[in-house]
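The block underneath contains the structure these notes are about, expressed in structure tokens.
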Amino acid sequence: MRKILSLLAVLVLCSVLAFAQTRTITGQIRDDKGGAVPFASITIKGTNKGTTSDNAGNFKLTAASGDVLIVSAVNHNPKEVTVADGSAYSVSLEKSDGLQEVVVTALGIQKQPKQLGYSTAKITNKEFTVAKA
């Protein structure tokens, strides 16, 4: 009787593991011209699990089959990718029109510049590209 219960317990545990199969997903994030997109954000839709890509656009994440990955990066349109049987993915992101305006405040609070009770500094695209000798 003890052998039968032990065998039954092992079979139940194996079946639970078979249904909840997660695998390590690896991949590369590229832009529409084939260049690497560094520090892109990869999250599993509906959860707070995620990771970021490295300098070369490579990432590694544990996900189950059927999960939807949301890949986003600054100045690129976000893209959704469904996890299938493969474990290596190459995701191509399209460039967006660019940043319109960003207001940075304390603790991640987002506000319009007109709503702030203090002065704000405005930085344009040209100021980002100016390099000093």
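Simple scheme: letters A, B, ... for chains in structure tokens order, numbers from 1 for residues in each chain, numbers from 1 for ligands in the order shown.
The list of residues with at least one atom within 12 Å of range 47-52 of chain A, based on only C-alpha atoms and without residues fewer than 5 positions apart in the same chain, reads Ile25, Thr26, Gly27, Gln28, Ile29, Val37, Pro38, Phe39, Ala40, Ser41, Ile42, Gly57, Asn58, Phe59, Lys60, Leu61, Thr62, Ala63, Ala64, Asp67, Val68, Leu69, Ile70, Val71, Ser72 and Ala73 of chain A.
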Kindly export the residues of the current selection with C-alpha atoms, as a PDB file, in the first residue's frame.
```pdb
ATOM      1  CA  ILE A  25      14.056  32.362 -23.568  1.00  0.00           C
ATOM      2  CA  THR A  26      17.056  34.059 -25.166  1.00  0.00           C
ATOM      3  CA  GLY A  27      17.092  36.509 -28.009  1.00  0.00           C
ATOM      4  CA  GLN A  28      18.290  39.682 -29.610  1.00  0.00           C
ATOM      5  CA  ILE A  29      16.573  43.043 -29.975  1.00  0.00           C
ATOM      6  CA  VAL A  37      18.915  48.086 -29.405  1.00  0.00           C
ATOM      7  CA  PRO A  38      20.654  48.328 -26.019  1.00  0.00           C
ATOM      8  CA  PHE A  39      18.721  48.352 -22.745  1.00  0.00           C
ATOM      9  CA  ALA A  40      15.339  47.467 -24.252  1.00  0.00           C
ATOM     10  CA  SER A  41      12.681  46.379 -21.762  1.00  0.00           C
ATOM     11  CA  ILE A  42      11.187  42.874 -22.101  1.00  0.00           C
ATOM     12  CA  GLY A  57      20.705  43.817 -27.505  1.00  0.00           C
ATOM     13  CA  ASN A  58      20.829  40.279 -26.039  1.00  0.00           C
ATOM     14  CA  PHE A  59      18.366  39.175 -23.349  1.00  0.00           C
ATOM     15  CA  LYS A  60      17.507  36.095 -21.266  1.00  0.00           C
ATOM     16  CA  LEU A  61      14.139  35.483 -19.564  1.00  0.00           C
ATOM     17  CA  THR A  62      12.237  32.540 -18.086  1.00  0.00           C
ATOM     18  CA  ALA A  63       8.731  32.210 -19.568  1.00  0.00           C
ATOM     19  CA  ALA A  64       6.099  29.572 -20.231  1.00  0.00           C
ATOM     20  CA  ASP A  67       3.148  33.839 -22.714  1.00  0.00           C
ATOM     21  CA  VAL A  68       3.205  37.171 -24.526  1.00  0.00           C
ATOM     22  CA  LEU A  69       6.399  39.220 -24.318  1.00  0.00           C
ATOM     23  CA  ILE A  70       6.139  43.003 -24.598  1.00  0.00           C
ATOM     24  CA  VAL A  71       9.352  44.463 -26.013  1.00  0.00           C
ATOM     25  CA  SER A  72       9.804  48.222 -25.751  1.00  0.00           C
ATOM     26  CA  ALA A  73      12.659  50.710 -25.968  1.00  0.00           C
TER      27      ALA A  73
END
```
CA of Ile123 in chain A sits from CA of His76 in chain A at a separation of 19.8 Å
Looking at A:Thr43, A:Gly34, A:Ser87, A:Arg2, which one is nearest to Thr22 in chain A, with distances taken over only C-alpha atoms?
A:Ser87
